[in-house]
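Have a look at the structure below before the remarks.
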Amino acid sequence: MINYSLTLQNLTKSFGRRLIFKNINAEFNSGNIYGFAGSNGSGKSTLAQIVAGIISPTSGKAIHKLNNEIITSDKLHQYLGFVSPYLILYDEFTAEENLIHSLKIRGLNPDSERIKVLLDTFNLYDRKKDLLKGYSSGMKQRIKFIFALIHNPQLLIFDEPTSNLDIKGKDAVYKMIEEESKEKLIILGSNEESDLSLCQETIYVENYKNSEIDKR
Amino acid sequence: MKAYSLFKKDWQSELRTRYAINALAMFILVTISVILFSIGQEKISAHLTGGLLWVVIFFSAMSGLARAFVSEEERGTTLTLHLLAKPSTIYTGKLYFNVLLVYLMNFSIVIIYSLLFDSFSIQSVWLFVLAAFFGSFGIAVSSTIIAAIISKASAKGTLYPVLAFPILLPLILILLELTKYSIDGKSIAESYVELAVLICYDVIMLTASYMLFDFIWED
């Protein structure tokens with residue numbers, strides 16, 4: 001089994017003088033689901049973006065390892081699947097075109113069978129030839145999951161995974177998360193009880209807040 | 001190959017949205033029309049038409065080439081690109097797109113210009129072709145990195161020409177000189193120094209762009 005691990009070392013982030021969180025230390029391993037929890041504006045999404053290498057921490061490190069080999073930041077995108085409300089795919093392309101372009105840009109050959117299976121799983125196969133600009137917000141959320149899974153990454157970060165989804169969509173997502181978590185490392189950023197109930201361990205980002213910087 | 005796939009994605013997107021092509025086409029038409037109206041019945045020298053040609057090219061480039069990164073930022077798809085490829089691949093893909101756009105734009109401008117301005121007569125065609133080839137590449141390289149820088153700023157529209165002017169000025173000056181030489185009928189051998197400076201500019205800008213892009217791209 002492939003072992004993916006993620007270590008957070010003294011992770012601190014502040015925007016200007018506003019401290020978001022300070023000294024987060026944690027260790028995550030594949031085969032588990034972890035949660036980043038907290039109220040709105042607590043820094044869940046910021047932490048998820050730092051872990052994904054999208055934004056830099058003010059201090060500290062997020063170390064990604066695959067079978068004990070460190071993954072450098074320029075290769076992280078190969079091992080990462082990311083879903084969030086602020087992830088936007090290309091509206092001028094169809095669902096299928098978005099997936100094919102994303103695979104080709106990653107340097108992978110599009111596997112039509114895998115595309116079909118994923119589109120089927122998220123109930124979008126019949127709409128695969130439609131432009132994304134005609135999709136509802138729930139359908140856009142579902143295509144983001146396919147976008148995150150299509151290259152079979154070892155690390156899956158889902159920030160607010162069930163936003164815009166109906167009950168049927170949520171069930172499909174929970175089923176997929178449980179299935180993927182058998183071999184992969186999954187991180188959920190959410191404040192929904194039902195999302196966090198899937199997690200073996202949860203980091204409450206607000207607990208890492210320290211007002212020292214604000215007072216200076 | 002990955003960069004080429006990104007270029008193909010951008011080109012297909014451009015053909016559907018006409019984000020940059022329409023802006024470029026309108027700008028070319030408007031600037032050439034303004035020059036034609038302001039000249040009126042005056043007979044202008046060949047050297048002046050050569051200078052005005054690069055004015056049209058410079059301002060057209062300002063209007064359309066920033067779109068490579070600005071359109072991604074405006075549509076909110078920058079994060080998607082972050083998740084797809086490493087920074088050098090993204091810069092290369094965007095550069096391919098801008099190179100194609102600049103060559104198409106400059107080719108169209110030169111054709112329209114030659115048809116409308118009688119006094120624009122190139123004696124040394126190959127020298128002009130070489131100057132336009134390396135000059136257009138330089139414009140594409142510089143415009144791509146400037147577009148990446150300004151896409152992160154809030155005042156994108158005003159910042160682009162302000163930032164582009166000092167960076168493109170040496171290129172425009174050398175291109176004006178080479179255009180004058182090609183109108184005068186100088187040979188390629190006689191213009192060796194200027195051509196060498198032009199190629200050096202391209203190489204320096206390309207190297208600096210790849211070195212800088214990682215820092216610009218990371219938030």
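Residue numbering restarts at 1 for every chain of the structure tokens, chains are lettered A, B, ... in their displayed order, and ligands are numbered from 1 as they appear.
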
Exercise for the section: Counting only C-alpha atoms, collect the residues of chain B whose closest atom lies at most 12 Å from chain A, and write them out as an NGL selection string. Expected result: :B and (1-19 or 71-90 or 92-93 or 214-219)

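One finds atom CA of B:Glu190 at 27.7 Å from atom CA of B:Val99.
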
Handout entry: Which of chain B fall in helix (DSSP H, G or I), as a ChimeraX atom specification
Key = /B:2-17,21-39,46-64,67-75,78-84,87-116,125-150,156-184,189-217

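For stretch 126-138 of chain A, the set of protein, DNA and RNA residues having any atom at most 8 Å away, when counting only C-alpha atoms and skipping those fewer than 2 positions along the same chain, is Leu89, Tyr90, Asp91, Glu92, Phe93, Thr94, Ala95, Glu96, Leu119, Asn123, Leu124, Lys140, Gln141, Arg142, Ser163, Asn164, Leu165, Asp166 and Gly169 of chain A.
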
Problem - Shell of 6 Å around stretch 13-23 of chain A, only C-alpha atoms, local chain residues under 2 positions omitted, as a PyMOL selection string - result: chain A and resi 10-11+43+57-58+208-209

May I have the selected residues written with C-alpha atoms, as an mmCIF file, in the first residue's frame?
data_model
loop_
_atom_site.group_PDB
_atom_site.id
_atom_site.type_symbol
_atom_site.label_atom_id
_atom_site.label_comp_id
_atom_site.auth_asym_id
_atom_site.auth_seq_id
_atom_site.Cartn_x
_atom_site.Cartn_y
_atom_site.Cartn_z
ATOM 1 C CA ASN A 10 4.668 25.053 13.777
ATOM 2 C CA LEU A 11 2.339 26.299 11.069
ATOM 3 C CA GLY A 43 -9.115 29.959 9.079
ATOM 4 C CA PRO A 57 2.436 30.065 5.605
ATOM 5 C CA THR A 58 3.864 33.033 7.524
ATOM 6 C CA TYR A 208 -4.685 27.786 17.676
ATOM 7 C CA LYS A 209 -5.547 31.444 17.746
#
